[in-house]
There are 2 protein chains.
Amino acid sequence: MPAATLNADTLAQRLADSGLRATPQREVVYEVLLKKRDHPTADEVFARVKAERPTISLATVYNCLETLVSCDLVRTVNFEREPTRYCPNLRPHAHFHDDATGRTHDIDLPPAVLEKVKAVLPRGFDANSIEITFRGKAAKAVASNR
Amino acid sequence: MPAATLNADTLAQRLADSGLRATPQREVVYEVLLKKRDHPTADEVFARVKAERPTISLATVYNCLETLVSCDLVRTVNFEREPTRYCPNLRPHAHFHDDATGRTHDIDLPPAVLEKVKAVLPRGFDANSIEITFRGKAAKAVASNR
DNA sequence: CTTGCACCTTAGAATCATTCCAATTGCCTG
DNA sequence: CAGGCAATTGGAATGATTCTAAGGTGCAAG
């Protein structure tokens with residue numbers, strides 16, 4: 001399975017592209033995000049990372065997450081005033097927040113829909129990002145992305 | 001111009017529907033939101049309200065805003081980690097965040113687009129709210145909604 | 001009226017995610 | 001090895017928001 005290698009390479013590559021180094025901390029943080037894609041908060045990432053690297057600090061986790069975001073390897077997800085969550089899914093997708101469980105689901109966005117949405121912008125508005133968020137009740141037995 | 005009356009009535013009506021009272025504070029906060037629709041933060045609302053009612057407290061402004069939101073007279077708008085903004089526009093609309101100016105613009109959402117977007121949800125997902133947010137560069141001379 | 005009571009407002013303290021800061025530490029280049 | 005920049009770290013600081021406890025306010029029943 002070349003996925004792990006690919007990811008590590010991707011990380012090193014992307015970091016290098018931005019003139020940044022591939023430190024162990026950054027690698028572990030990124031791995032943690034890839035391993036369990038349940039949109040964890042920084043605190044949750046911190047807890048998971050500590051299992052493998054007990055000396056890491058919360059500040060570093062924030063730094064690493066911010067770095068990964070700036071390299072376009074990770075997206076942030078915000079729901080109202082809740083703590084920011086992190087998502088390594090790079091395909092265009094929306095987020096569905098299940099009010100009952102608090103869980104977040106990725107919803108793929110077909111290009112056609114994205115186009116339709118962009119088309120609502122009046123002349124002169126130039127969007128470089130679109131964020132679509134649903135809230136409601138999710139299907140119970142969705143194949144989850146653990 | 002019956003607009004002012006209509007608004008006041010609407011407010012009193014909606015509050016009553018929820019078993020709440022139409023207090024002077026709630027009225028002023030609502031008026032402030034209607035008067036200048038620039039998506040102010042709670043702090044900004046506080047500042048504007050104090051002009052008319054110097055004794056009001058920030059806590060009350062938060063309370064009033066929360067009350068108005070719960071009556072569906074006002075919507076909250078969140079951009080990343082920025083302070084929450086408040087919007088009295090009740091029509092279905094998206095928000096466009098101008099990265100250059102920090103200003104927020106309402107973008108009307110035609111029902112057809114809303115349908116298209118809802119259609120991306122897999123069977124079993126039942127959304128009771130959809131939020132669409134753009135970021136980018138806005139047209140410079142948009143007729144603003146002051 | 002006037003008493004009771006539920007609803008509101010208020011100031012200030014508390015919370016909590018996130019950022020900042022200043023001090024190392026690590027790593028590469030010369 | 002020396003210099004220097006990039007990263008990490010722990011703890012302090014920040015800032016929006018919420019909580020708390022202590023009065024107000026207004027209506028309804030007696």
# chains A, B, ... in the order shown; residues from 1 in each chain; ligands from 1
call {"tool": "residues_around", "arguments": {"residues": "segment 68-71 of chain A", "least_positions_apart": "5", "cutoff": "8 Å", "atoms": "only C-alpha atoms (C1' of nucleotides)", "output": "MDAnalysis selection string"}}
result
chainID A and resid 14:15 18 26 30 76
call {"tool": "residues_around", "arguments": {"residues": "DA11 of chain C", "least_positions_apart": "5", "cutoff": "10 Å", "atoms": "only C-alpha atoms (C1' of nucleotides)", "output": "list of chain:residue names"}}
result
B:Ser57, B:Leu58, B:Ala59, D:DA22
call {"tool": "interface_residues", "arguments": {"of": "chain C", "to": "chain B", "cutoff": "10 Å", "atoms": "only C-alpha atoms (C1' of nucleotides)", "output": "NGL selection string"}}
result
:C and (7-11 or 17-18)
call {"tool": "closest_atom_pairs", "arguments": {"of": "chain B", "to": "chain A", "cutoff": "12 Å", "atoms": "only C-alpha atoms", "output": "Markdown table"}}
result
| residue | atom | partner | partner_atom | distance |
| --- | --- | --- | --- | --- |
| B:Arg75 | CA | A:Glu80 | CA | 11.4 |
| B:Thr76 | CA | A:Glu80 | CA | 8.3 |
| B:Val77 | CA | A:Glu80 | CA | 8.1 |
| B:Asn78 | CA | A:Glu80 | CA | 6.2 |
| B:Phe79 | CA | A:Asn78 | CA | 8.2 |
| B:Glu80 | CA | A:Asn78 | CA | 6.2 |
| B:Arg81 | CA | A:Asn78 | CA | 7.8 |
| B:Glu82 | CA | A:Arg81 | CA | 9.4 |
| B:Pro83 | CA | A:Arg81 | CA | 8.7 |
| B:Thr84 | CA | A:Arg81 | CA | 7.9 |
| B:Arg85 | CA | A:Glu80 | CA | 10.7 |
| B:His93 | CA | A:Val120 | CA | 9.9 |
| B:Ala94 | CA | A:Val120 | CA | 9.1 |
| B:His95 | CA | A:Ile130 | CA | 9.9 |
| B:Phe96 | CA | A:Ala127 | CA | 8.0 |
| B:His97 | CA | A:Ala127 | CA | 8.9 |
| B:Asp98 | CA | A:Ala127 | CA | 8.8 |
| B:Asp99 | CA | A:Ala127 | CA | 9.8 |
| B:Ala100 | CA | A:Asp126 | CA | 11.8 |
| B:Thr104 | CA | A:Phe125 | CA | 11.8 |
| B:His105 | CA | A:Phe125 | CA | 10.0 |
| B:Asp106 | CA | A:Leu121 | CA | 9.9 |
| B:Ile107 | CA | A:Leu121 | CA | 6.8 |
| B:Asp108 | CA | A:Val120 | CA | 7.4 |
| B:Leu109 | CA | A:Val120 | CA | 6.8 |
| B:Pro110 | CA | A:Val120 | CA | 7.9 |
| B:Pro111 | CA | A:Val120 | CA | 11.1 |
| B:Ala112 | CA | A:Lys116 | CA | 9.3 |
| B:Val113 | CA | A:Val117 | CA | 6.5 |
| B:Leu114 | CA | A:Val117 | CA | 8.6 |
| B:Glu115 | CA | A:Val113 | CA | 10.1 |
| B:Lys116 | CA | A:Val113 | CA | 6.5 |
| B:Val117 | CA | A:Val113 | CA | 6.5 |
| B:Lys118 | CA | A:Phe134 | CA | 8.9 |
| B:Ala119 | CA | A:Val113 | CA | 9.1 |
| B:Val120 | CA | A:Leu109 | CA | 6.8 |
| B:Leu121 | CA | A:Ile107 | CA | 6.8 |
| B:Pro122 | CA | A:Ile107 | CA | 8.0 |
| B:Arg123 | CA | A:Ala139 | CA | 7.3 |
| B:Gly124 | CA | A:Ala139 | CA | 4.3 |
| B:Phe125 | CA | A:Ala138 | CA | 4.4 |
| B:Asp126 | CA | A:Lys137 | CA | 5.2 |
| B:Ala127 | CA | A:Gly136 | CA | 4.2 |
| B:Asn128 | CA | A:Gly136 | CA | 5.1 |
| B:Ser129 | CA | A:Arg135 | CA | 5.3 |
| B:Ile130 | CA | A:Phe134 | CA | 4.6 |
| B:Glu131 | CA | A:Thr133 | CA | 5.0 |
| B:Ile132 | CA | A:Ile132 | CA | 4.6 |
| B:Thr133 | CA | A:Glu131 | CA | 5.0 |
| B:Phe134 | CA | A:Ile130 | CA | 4.6 |
| B:Arg135 | CA | A:Ala127 | CA | 5.3 |
| B:Gly136 | CA | A:Ala127 | CA | 4.2 |
| B:Lys137 | CA | A:Asp126 | CA | 5.2 |
| B:Ala138 | CA | A:Phe125 | CA | 4.4 |
| B:Ala139 | CA | A:Gly124 | CA | 4.3 |
| B:Lys140 | CA | A:Gly124 | CA | 7.7 |
| B:Ala141 | CA | A:Gly124 | CA | 9.1 |
| B:Val142 | CA | A:Gly124 | CA | 8.8 |
| B:Ala143 | CA | A:Pro122 | CA | 11.8 |
call {"tool": "residues_around", "arguments": {"residues": "DA22 of chain C", "least_positions_apart": "5", "cutoff": "12 Å", "atoms": "only C-alpha atoms (C1' of nucleotides)", "output": "list of chain:residue names"}}
result
D:DT9, D:DG10, D:DG11, D:DA12
call {"tool": "select_by_dssp", "arguments": {"residues": "segment 20-95 of chain A", "states": "alpha helix (DSSP H)", "output": "PyMOL selection string"}}
result
chain A and resi 24-35+42-52+58-70
call {"tool": "write_last_selection", "arguments": {"atoms": "N, CA and C atoms", "output": "mmCIF file, in the first residue's frame"}}
result
data_model
loop_
_atom_site.group_PDB
_atom_site.id
_atom_site.type_symbol
_atom_site.label_atom_id
_atom_site.label_comp_id
_atom_site.auth_asym_id
_atom_site.auth_seq_id
_atom_site.Cartn_x
_atom_site.Cartn_y
_atom_site.Cartn_z
ATOM 1 N N PRO A 24 9.447 16.157 12.663
ATOM 2 C CA PRO A 24 8.695 15.015 13.206
ATOM 3 C C PRO A 24 7.325 15.439 13.718
ATOM 4 N N GLN A 25 7.268 16.566 14.383
ATOM 5 C CA GLN A 25 5.993 17.031 14.911
ATOM 6 C C GLN A 25 4.964 17.216 13.795
ATOM 7 N N ARG A 26 5.396 17.860 12.738
ATOM 8 C CA ARG A 26 4.462 18.083 11.629
ATOM 9 C C ARG A 26 4.011 16.770 11.032
ATOM 10 N N GLU A 27 4.946 15.835 10.939
ATOM 11 C CA GLU A 27 4.583 14.541 10.375
ATOM 12 C C GLU A 27 3.552 13.829 11.242
ATOM 13 N N VAL A 28 3.796 13.835 12.529
ATOM 14 C CA VAL A 28 2.868 13.128 13.412
ATOM 15 C C VAL A 28 1.490 13.780 13.389
ATOM 16 N N VAL A 29 1.464 15.072 13.424
ATOM 17 C CA VAL A 29 0.175 15.762 13.392
ATOM 18 C C VAL A 29 -0.584 15.405 12.113
ATOM 19 N N TYR A 30 0.135 15.424 11.018
ATOM 20 C CA TYR A 30 -0.523 15.114 9.746
ATOM 21 C C TYR A 30 -1.009 13.673 9.723
ATOM 22 N N GLU A 31 -0.174 12.756 10.222
ATOM 23 C CA GLU A 31 -0.575 11.340 10.275
ATOM 24 C C GLU A 31 -1.832 11.139 11.102
ATOM 25 N N VAL A 32 -1.855 11.823 12.215
ATOM 26 C CA VAL A 32 -3.015 11.704 13.096
ATOM 27 C C VAL A 32 -4.286 12.145 12.368
ATOM 28 N N LEU A 33 -4.163 13.201 11.599
ATOM 29 C CA LEU A 33 -5.334 13.675 10.863
ATOM 30 C C LEU A 33 -5.762 12.679 9.789
ATOM 31 N N LEU A 34 -4.773 12.067 9.149
ATOM 32 C CA LEU A 34 -5.104 11.126 8.079
ATOM 33 C C LEU A 34 -5.691 9.833 8.634
ATOM 34 N N LYS A 35 -5.203 9.466 9.804
ATOM 35 C CA LYS A 35 -5.563 8.158 10.354
ATOM 36 C C LYS A 35 -7.023 8.103 10.795
ATOM 37 N N ALA A 42 -8.262 20.934 17.806
ATOM 38 C CA ALA A 42 -6.838 20.999 18.118
ATOM 39 C C ALA A 42 -6.541 20.211 19.399
ATOM 40 N N ASP A 43 -7.423 20.318 20.356
ATOM 41 C CA ASP A 43 -7.249 19.577 21.604
ATOM 42 C C ASP A 43 -7.236 18.076 21.368
ATOM 43 N N GLU A 44 -8.153 17.627 20.537
ATOM 44 C CA GLU A 44 -8.227 16.201 20.248
ATOM 45 C C GLU A 44 -6.978 15.738 19.513
ATOM 46 N N VAL A 45 -6.526 16.542 18.579
ATOM 47 C CA VAL A 45 -5.295 16.207 17.868
ATOM 48 C C VAL A 45 -4.148 16.132 18.871
ATOM 49 N N PHE A 46 -4.113 17.095 19.751
ATOM 50 C CA PHE A 46 -3.086 17.143 20.785
ATOM 51 C C PHE A 46 -3.060 15.842 21.571
ATOM 52 N N ALA A 47 -4.223 15.407 22.005
ATOM 53 C CA ALA A 47 -4.321 14.179 22.793
ATOM 54 C C ALA A 47 -3.811 12.979 21.996
ATOM 55 N N ARG A 48 -4.202 12.894 20.738
ATOM 56 C CA ARG A 48 -3.795 11.752 19.920
ATOM 57 C C ARG A 48 -2.299 11.769 19.645
ATOM 58 N N VAL A 49 -1.791 12.947 19.396
ATOM 59 C CA VAL A 49 -0.369 13.064 19.079
ATOM 60 C C VAL A 49 0.472 12.724 20.306
ATOM 61 N N LYS A 50 -0.007 13.113 21.452
ATOM 62 C CA LYS A 50 0.769 12.862 22.674
ATOM 63 C C LYS A 50 1.013 11.381 22.899
ATOM 64 N N ALA A 51 0.089 10.565 22.418
ATOM 65 C CA ALA A 51 0.258 9.118 22.562
ATOM 66 C C ALA A 51 1.577 8.669 21.931
ATOM 67 N N GLU A 52 1.899 9.265 20.802
ATOM 68 C CA GLU A 52 3.114 8.867 20.110
ATOM 69 C C GLU A 52 4.316 9.724 20.463
ATOM 70 N N LEU A 58 0.951 21.843 23.198
ATOM 71 C CA LEU A 58 -0.262 22.261 22.515
ATOM 72 C C LEU A 58 0.037 23.372 21.520
ATOM 73 N N ALA A 59 0.923 24.266 21.912
ATOM 74 C CA ALA A 59 1.283 25.363 21.007
ATOM 75 C C ALA A 59 1.833 24.813 19.698
ATOM 76 N N THR A 60 2.629 23.765 19.801
ATOM 77 C CA THR A 60 3.194 23.176 18.592
ATOM 78 C C THR A 60 2.108 22.549 17.742
ATOM 79 N N VAL A 61 1.154 21.912 18.384
ATOM 80 C CA VAL A 61 0.056 21.337 17.619
ATOM 81 C C VAL A 61 -0.651 22.444 16.848
ATOM 82 N N TYR A 62 -0.928 23.538 17.517
ATOM 83 C CA TYR A 62 -1.546 24.669 16.814
ATOM 84 C C TYR A 62 -0.654 25.126 15.677
ATOM 85 N N ASN A 63 0.629 25.248 15.944
ATOM 86 C CA ASN A 63 1.549 25.683 14.897
ATOM 87 C C ASN A 63 1.536 24.733 13.712
ATOM 88 N N CYS A 64 1.607 23.451 13.992
ATOM 89 C CA CYS A 64 1.649 22.462 12.918
ATOM 90 C C CYS A 64 0.356 22.501 12.106
ATOM 91 N N LEU A 65 -0.743 22.564 12.801
ATOM 92 C CA LEU A 65 -2.031 22.592 12.095
ATOM 93 C C LEU A 65 -2.081 23.806 11.173
ATOM 94 N N GLU A 66 -1.680 24.916 11.710
ATOM 95 C CA GLU A 66 -1.669 26.150 10.929
ATOM 96 C C GLU A 66 -0.755 26.019 9.718
ATOM 97 N N THR A 67 0.366 25.372 9.928
ATOM 98 C CA THR A 67 1.298 25.151 8.826
ATOM 99 C C THR A 67 0.670 24.275 7.751
ATOM 100 N N LEU A 68 0.050 23.181 8.188
ATOM 101 C CA LEU A 68 -0.569 22.274 7.227
ATOM 102 C C LEU A 68 -1.670 22.982 6.444
ATOM 103 N N VAL A 69 -2.399 23.821 7.125
ATOM 104 C CA VAL A 69 -3.458 24.566 6.456
ATOM 105 C C VAL A 69 -2.859 25.498 5.405
ATOM 106 N N SER A 70 -1.754 26.139 5.789
ATOM 107 C CA SER A 70 -1.160 27.092 4.856
ATOM 108 C C SER A 70 -0.564 26.395 3.639
#
call {"tool": "residues_around", "arguments": {"residues": "DG30 of chain D", "least_positions_apart": "6", "cutoff": "12 Å", "atoms": "only C-alpha atoms (C1' of nucleotides)", "output": "ChimeraX atom specification"}}
result
/C:1-4
call {"tool": "closest_residue", "arguments": {"among": "B:Pro88, B:Ala22, B:Leu11, B:His39", "to": "chain D", "atoms": "only C-alpha atoms (C1' of nucleotides)"}}
result
B:Ala22
call {"tool": "select_by_dssp", "arguments": {"residues": "segment 23-120 of chain B", "states": "strand (DSSP E)", "output": "number ranges by chain"}}
result
B: 75-77, 85-87, 93-98, 104-108
call {"tool": "write_last_selection", "arguments": {"atoms": "C-alpha atoms", "output": "short mmCIF file (atom, residue, chain, number, x, y, z; two decimals), in the first residue's frame"}}
result
data_model
loop_
_atom_site.label_atom_id
_atom_site.label_comp_id
_atom_site.auth_asym_id
_atom_site.auth_seq_id
_atom_site.Cartn_x
_atom_site.Cartn_y
_atom_site.Cartn_z
CA ARG B 75 -29.26 35.42 11.79
CA THR B 76 -25.72 34.95 13.01
CA VAL B 77 -22.85 35.05 10.59
CA ARG B 85 -21.86 39.07 13.32
CA TYR B 86 -25.58 39.68 13.18
CA CYS B 87 -27.82 40.04 10.17
CA HIS B 93 -28.98 34.41 1.21
CA ALA B 94 -25.31 33.60 1.30
CA HIS B 95 -22.55 35.78 2.67
CA PHE B 96 -19.57 37.11 0.85
CA HIS B 97 -16.59 38.12 2.94
CA ASP B 98 -14.37 40.65 1.25
CA THR B 104 -19.68 41.32 4.43
CA HIS B 105 -22.15 41.31 1.57
CA ASP B 106 -25.45 39.50 1.32
CA ILE B 107 -25.90 37.41 -1.80
CA ASP B 108 -29.45 36.39 -2.61
#
call {"tool": "interface_residues", "arguments": {"of": "chain D", "to": "chain A", "cutoff": "12 Å", "atoms": "only C-alpha atoms (C1' of nucleotides)", "output": "PyMOL selection string"}}
result
chain D and resi 5-11+16-18
call {"tool": "write_last_selection", "arguments": {"atoms": "C-alpha atoms (C1' of nucleotides)", "output": "PDB file, in the first residue's frame"}}
result
ATOM      1  C1'  DC D   5      17.474  30.781  10.899  1.00  0.00           C
ATOM      2  C1'  DA D   6      13.611  27.705  11.649  1.00  0.00           C
ATOM      3  C1'  DA D   7      10.916  25.179  15.080  1.00  0.00           C
ATOM      4  C1'  DT D   8       9.452  23.953  19.437  1.00  0.00           C
ATOM      5  C1'  DT D   9       8.102  24.811  24.037  1.00  0.00           C
ATOM      6  C1'  DG D  10       5.614  26.343  28.460  1.00  0.00           C
ATOM      7  C1'  DG D  11       3.419  29.745  30.244  1.00  0.00           C
ATOM      8  C1'  DA D  16     -15.190  36.907  22.614  1.00  0.00           C
ATOM      9  C1'  DT D  17     -18.615  34.932  24.978  1.00  0.00           C
ATOM     10  C1'  DT D  18     -21.102  32.922  28.923  1.00  0.00           C
TER      11       DT D  18
END
call {"tool": "residues_around", "arguments": {"residues": "DG3 of chain D", "least_positions_apart": "2", "cutoff": "12 Å", "atoms": "only C-alpha atoms (C1' of nucleotides)", "output": "list in words"}}
result
DC28, DT29 and DG30 of chain C; DC1 and DC5 of chain D
call {"tool": "atom_distance", "arguments": {"atom1": "atom CA of Asn89 of chain B", "atom2": "atom CA of Thr41 of chain B"}}
result
15.1 Å
call {"tool": "atom_distance", "arguments": {"atom1": "atom CA of Pro40 of chain A", "atom2": "atom CA of Arg103 of chain A"}}
result
9.8 Å
call {"tool": "decode", "arguments": {"residues": "chain D", "atoms": "N, CA and C atoms (P, O5', C5', C4', C3', O3' and C1' of nucleotides)", "output": "short mmCIF file (atom, residue, chain, number, x, y, z; two decimals), in the first residue's frame"}}
result
data_model
loop_
_atom_site.label_atom_id
_atom_site.label_comp_id
_atom_site.auth_asym_id
_atom_site.auth_seq_id
_atom_site.Cartn_x
_atom_site.Cartn_y
_atom_site.Cartn_z
P DC D 1 34.45 20.82 16.84
"O5'" DC D 1 34.00 22.28 17.27
"C5'" DC D 1 35.05 23.20 17.47
"C4'" DC D 1 34.74 24.47 16.72
"C3'" DC D 1 33.55 25.22 17.30
"O3'" DC D 1 33.90 26.59 17.33
"C1'" DC D 1 33.20 24.80 14.99
P DA D 2 33.14 27.67 17.97
"O5'" DA D 2 32.57 28.31 16.64
"C5'" DA D 2 33.40 29.09 15.80
"C4'" DA D 2 32.53 30.05 15.02
"C3'" DA D 2 31.49 30.76 15.88
"O3'" DA D 2 31.29 32.06 15.36
"C1'" DA D 2 30.39 29.31 14.37
P DG D 3 30.30 33.06 16.01
"O5'" DG D 3 29.23 33.22 14.85
"C5'" DG D 3 29.61 33.10 13.49
"C4'" DG D 3 28.36 33.13 12.66
"C3'" DG D 3 27.22 33.93 13.29
"O3'" DG D 3 26.65 34.76 12.29
"C1'" DG D 3 26.52 31.69 12.91
P DG D 4 25.40 35.62 12.63
"O5'" DG D 4 24.25 34.66 12.11
"C5'" DG D 4 24.40 33.99 10.85
"C4'" DG D 4 23.08 33.29 10.55
"C3'" DG D 4 21.88 34.03 11.13
"O3'" DG D 4 20.79 33.89 10.24
"C1'" DG D 4 21.96 31.86 12.02
P DC D 5 19.62 34.92 10.40
"O5'" DC D 5 18.46 34.21 9.57
"C5'" DC D 5 18.77 33.20 8.63
"C4'" DC D 5 17.95 31.97 8.95
"C3'" DC D 5 16.50 32.28 9.34
"O3'" DC D 5 15.66 31.49 8.51
"C1'" DC D 5 17.47 30.78 10.90
P DA D 6 14.11 31.64 8.62
"O5'" DA D 6 13.70 30.19 9.13
"C5'" DA D 6 14.34 29.05 8.58
"C4'" DA D 6 13.87 27.82 9.32
"C3'" DA D 6 12.38 27.84 9.64
"O3'" DA D 6 11.89 26.53 9.47
"C1'" DA D 6 13.61 27.71 11.65
P DA D 7 10.40 26.16 9.62
"O5'" DA D 7 10.42 25.11 10.79
"C5'" DA D 7 11.20 25.35 11.90
"C4'" DA D 7 11.01 24.27 12.92
"C3'" DA D 7 9.57 24.11 13.42
"O3'" DA D 7 9.41 22.77 13.86
"C1'" DA D 7 10.92 25.18 15.08
P DT D 8 8.11 22.34 14.63
"O5'" DT D 8 8.55 22.55 16.13
"C5'" DT D 8 9.57 21.73 16.68
"C4'" DT D 8 9.72 22.03 18.17
"C3'" DT D 8 8.45 21.84 19.00
"O3'" DT D 8 8.78 20.96 20.06
"C1'" DT D 8 9.45 23.95 19.44
P DT D 9 7.64 20.33 20.94
"O5'" DT D 9 7.66 21.32 22.18
"C5'" DT D 9 8.88 21.50 22.90
"C4'" DT D 9 8.74 22.60 23.93
"C3'" DT D 9 7.41 22.60 24.68
"O3'" DT D 9 7.64 22.19 26.01
"C1'" DT D 9 8.10 24.81 24.04
P DG D 10 6.52 21.61 26.90
"O5'" DG D 10 6.28 22.87 27.85
"C5'" DG D 10 7.37 23.34 28.63
"C4'" DG D 10 6.95 24.62 29.32
"C3'" DG D 10 5.61 24.54 30.05
"O3'" DG D 10 5.83 25.02 31.37
"C1'" DG D 10 5.61 26.34 28.46
P DG D 11 4.73 25.31 32.40
"O5'" DG D 11 4.47 26.87 32.25
"C5'" DG D 11 5.58 27.76 32.07
"C4'" DG D 11 5.04 29.15 31.80
"C3'" DG D 11 3.73 29.46 32.54
"O3'" DG D 11 3.75 30.82 32.95
"C1'" DG D 11 3.42 29.74 30.24
P DA D 12 2.56 31.38 33.85
"O5'" DA D 12 2.47 32.88 33.32
"C5'" DA D 12 3.59 33.47 32.66
"C4'" DA D 12 3.08 34.45 31.62
"C3'" DA D 12 1.88 35.26 32.09
"O3'" DA D 12 2.04 36.60 31.65
"C1'" DA D 12 1.31 34.10 30.12
P DA D 13 0.91 37.69 31.89
"O5'" DA D 13 0.18 37.75 30.49
"C5'" DA D 13 0.93 38.05 29.34
"C4'" DA D 13 -0.01 38.23 28.16
"C3'" DA D 13 -1.22 39.10 28.45
"O3'" DA D 13 -1.38 39.97 27.34
"C1'" DA D 13 -1.93 36.99 27.66
P DT D 14 -2.52 41.10 27.39
"O5'" DT D 14 -3.53 40.53 26.31
"C5'" DT D 14 -3.03 39.86 25.18
"C4'" DT D 14 -4.19 39.32 24.38
"C3'" DT D 14 -5.47 40.15 24.46
"O3'" DT D 14 -5.83 40.45 23.13
"C1'" DT D 14 -5.92 37.86 24.85
P DG D 15 -6.73 41.67 22.80
"O5'" DG D 15 -8.08 40.93 22.41
"C5'" DG D 15 -8.03 39.66 21.75
"C4'" DG D 15 -9.41 39.07 21.76
"C3'" DG D 15 -10.52 40.08 22.07
"O3'" DG D 15 -11.65 39.71 21.33
"C1'" DG D 15 -10.56 38.38 23.67
P DA D 16 -12.80 40.76 21.05
"O5'" DA D 16 -14.01 39.76 20.84
"C5'" DA D 16 -13.87 38.69 19.92
"C4'" DA D 16 -14.68 37.52 20.42
"C3'" DA D 16 -16.15 37.83 20.65
"O3'" DA D 16 -16.92 36.82 20.02
"C1'" DA D 16 -15.19 36.91 22.61
P DT D 17 -18.48 36.95 19.96
"O5'" DT D 17 -18.91 36.15 21.28
"C5'" DT D 17 -18.52 34.79 21.38
"C4'" DT D 17 -18.77 34.29 22.78
"C3'" DT D 17 -20.21 34.43 23.28
"O3'" DT D 17 -20.76 33.12 23.33
"C1'" DT D 17 -18.61 34.93 24.98
P DT D 18 -22.20 32.89 23.87
"O5'" DT D 18 -21.91 32.57 25.41
"C5'" DT D 18 -20.97 31.55 25.71
"C4'" DT D 18 -20.95 31.34 27.21
"C3'" DT D 18 -22.33 31.21 27.85
"O3'" DT D 18 -22.23 30.11 28.74
"C1'" DT D 18 -21.10 32.92 28.92
P DC D 19 -23.48 29.62 29.57
"O5'" DC D 19 -23.06 30.10 31.03
"C5'" DC D 19 -21.75 29.82 31.49
"C4'" DC D 19 -21.54 30.43 32.87
"C3'" DC D 19 -22.74 30.26 33.81
"O3'" DC D 19 -22.21 29.83 35.06
"C1'" DC D 19 -22.14 32.55 33.65
P DT D 20 -23.21 29.29 36.19
"O5'" DT D 20 -23.13 30.42 37.30
"C5'" DT D 20 -21.96 31.22 37.42
"C4'" DT D 20 -22.18 32.29 38.45
"C3'" DT D 20 -23.45 32.10 39.29
"O3'" DT D 20 -23.18 32.51 40.61
"C1'" DT D 20 -23.56 34.17 38.18
P DA D 21 -24.09 31.98 41.81
"O5'" DA D 21 -24.03 33.25 42.77
"C5'" DA D 21 -23.12 34.33 42.48
"C4'" DA D 21 -23.83 35.64 42.70
"C3'" DA D 21 -25.02 35.55 43.65
"O3'" DA D 21 -24.96 36.70 44.48
"C1'" DA D 21 -25.72 36.49 41.60
P DA D 22 -26.08 36.97 45.60
"O5'" DA D 22 -26.47 38.47 45.24
"C5'" DA D 22 -25.52 39.31 44.58
"C4'" DA D 22 -26.24 40.52 44.04
"C3'" DA D 22 -27.45 40.91 44.88
"O3'" DA D 22 -27.49 42.32 45.00
"C1'" DA D 22 -28.12 40.52 42.65
P DG D 23 -28.58 42.99 45.92
"O5'" DG D 23 -29.93 42.59 45.20
"C5'" DG D 23 -30.90 43.58 45.03
"C4'" DG D 23 -30.55 44.46 43.84
"C3'" DG D 23 -31.70 45.36 43.45
"O3'" DG D 23 -31.21 46.55 42.84
"C1'" DG D 23 -31.39 43.70 41.78
P DG D 24 -32.24 47.71 42.63
"O5'" DG D 24 -32.82 47.25 41.24
"C5'" DG D 24 -34.01 47.79 40.84
"C4'" DG D 24 -34.17 47.61 39.38
"C3'" DG D 24 -35.57 48.06 38.98
"O3'" DG D 24 -35.53 48.64 37.71
"C1'" DG D 24 -35.33 45.71 38.64
P DT D 25 -36.71 49.65 37.40
"O5'" DT D 25 -37.74 48.71 36.63
"C5'" DT D 25 -37.26 47.62 35.84
"C4'" DT D 25 -38.46 46.99 35.16
"C3'" DT D 25 -39.76 47.75 35.36
"O3'" DT D 25 -40.46 47.70 34.15
"C1'" DT D 25 -39.98 45.55 36.19
P DG D 26 -41.71 48.64 33.89
"O5'" DG D 26 -42.82 47.53 33.64
"C5'" DG D 26 -42.54 46.43 32.78
"C4'" DG D 26 -43.61 45.37 32.98
"C3'" DG D 26 -45.00 45.95 33.14
"O3'" DG D 26 -45.92 45.03 32.57
"C1'" DG D 26 -44.46 44.74 35.05
P DC D 27 -47.32 45.62 32.01
"O5'" DC D 27 -48.25 44.32 32.04
"C5'" DC D 27 -47.69 43.05 31.74
"C4'" DC D 27 -48.20 42.03 32.73
"C3'" DC D 27 -49.71 42.15 33.03
"O3'" DC D 27 -50.27 40.86 33.00
"C1'" DC D 27 -48.50 42.12 35.03
P DA D 28 -51.85 40.65 32.94
"O5'" DA D 28 -51.92 39.12 33.45
"C5'" DA D 28 -50.87 38.63 34.29
"C4'" DA D 28 -51.49 37.94 35.49
"C3'" DA D 28 -53.02 38.00 35.55
"O3'" DA D 28 -53.49 36.82 36.18
"C1'" DA D 28 -52.11 39.23 37.36
P DA D 29 -55.03 36.58 36.46
"O5'" DA D 29 -54.98 36.28 38.02
"C5'" DA D 29 -53.84 35.60 38.60
"C4'" DA D 29 -53.99 35.62 40.11
"C3'" DA D 29 -55.44 35.46 40.58
"O3'" DA D 29 -55.44 34.72 41.79
"C1'" DA D 29 -54.63 37.62 41.21
P DG D 30 -56.85 34.31 42.42
"O5'" DG D 30 -56.91 35.25 43.69
"C5'" DG D 30 -55.89 35.13 44.69
"C4'" DG D 30 -55.90 36.40 45.52
"C3'" DG D 30 -57.18 36.63 46.33
"O3'" DG D 30 -56.85 36.73 47.70
"C1'" DG D 30 -56.53 38.59 45.21
#
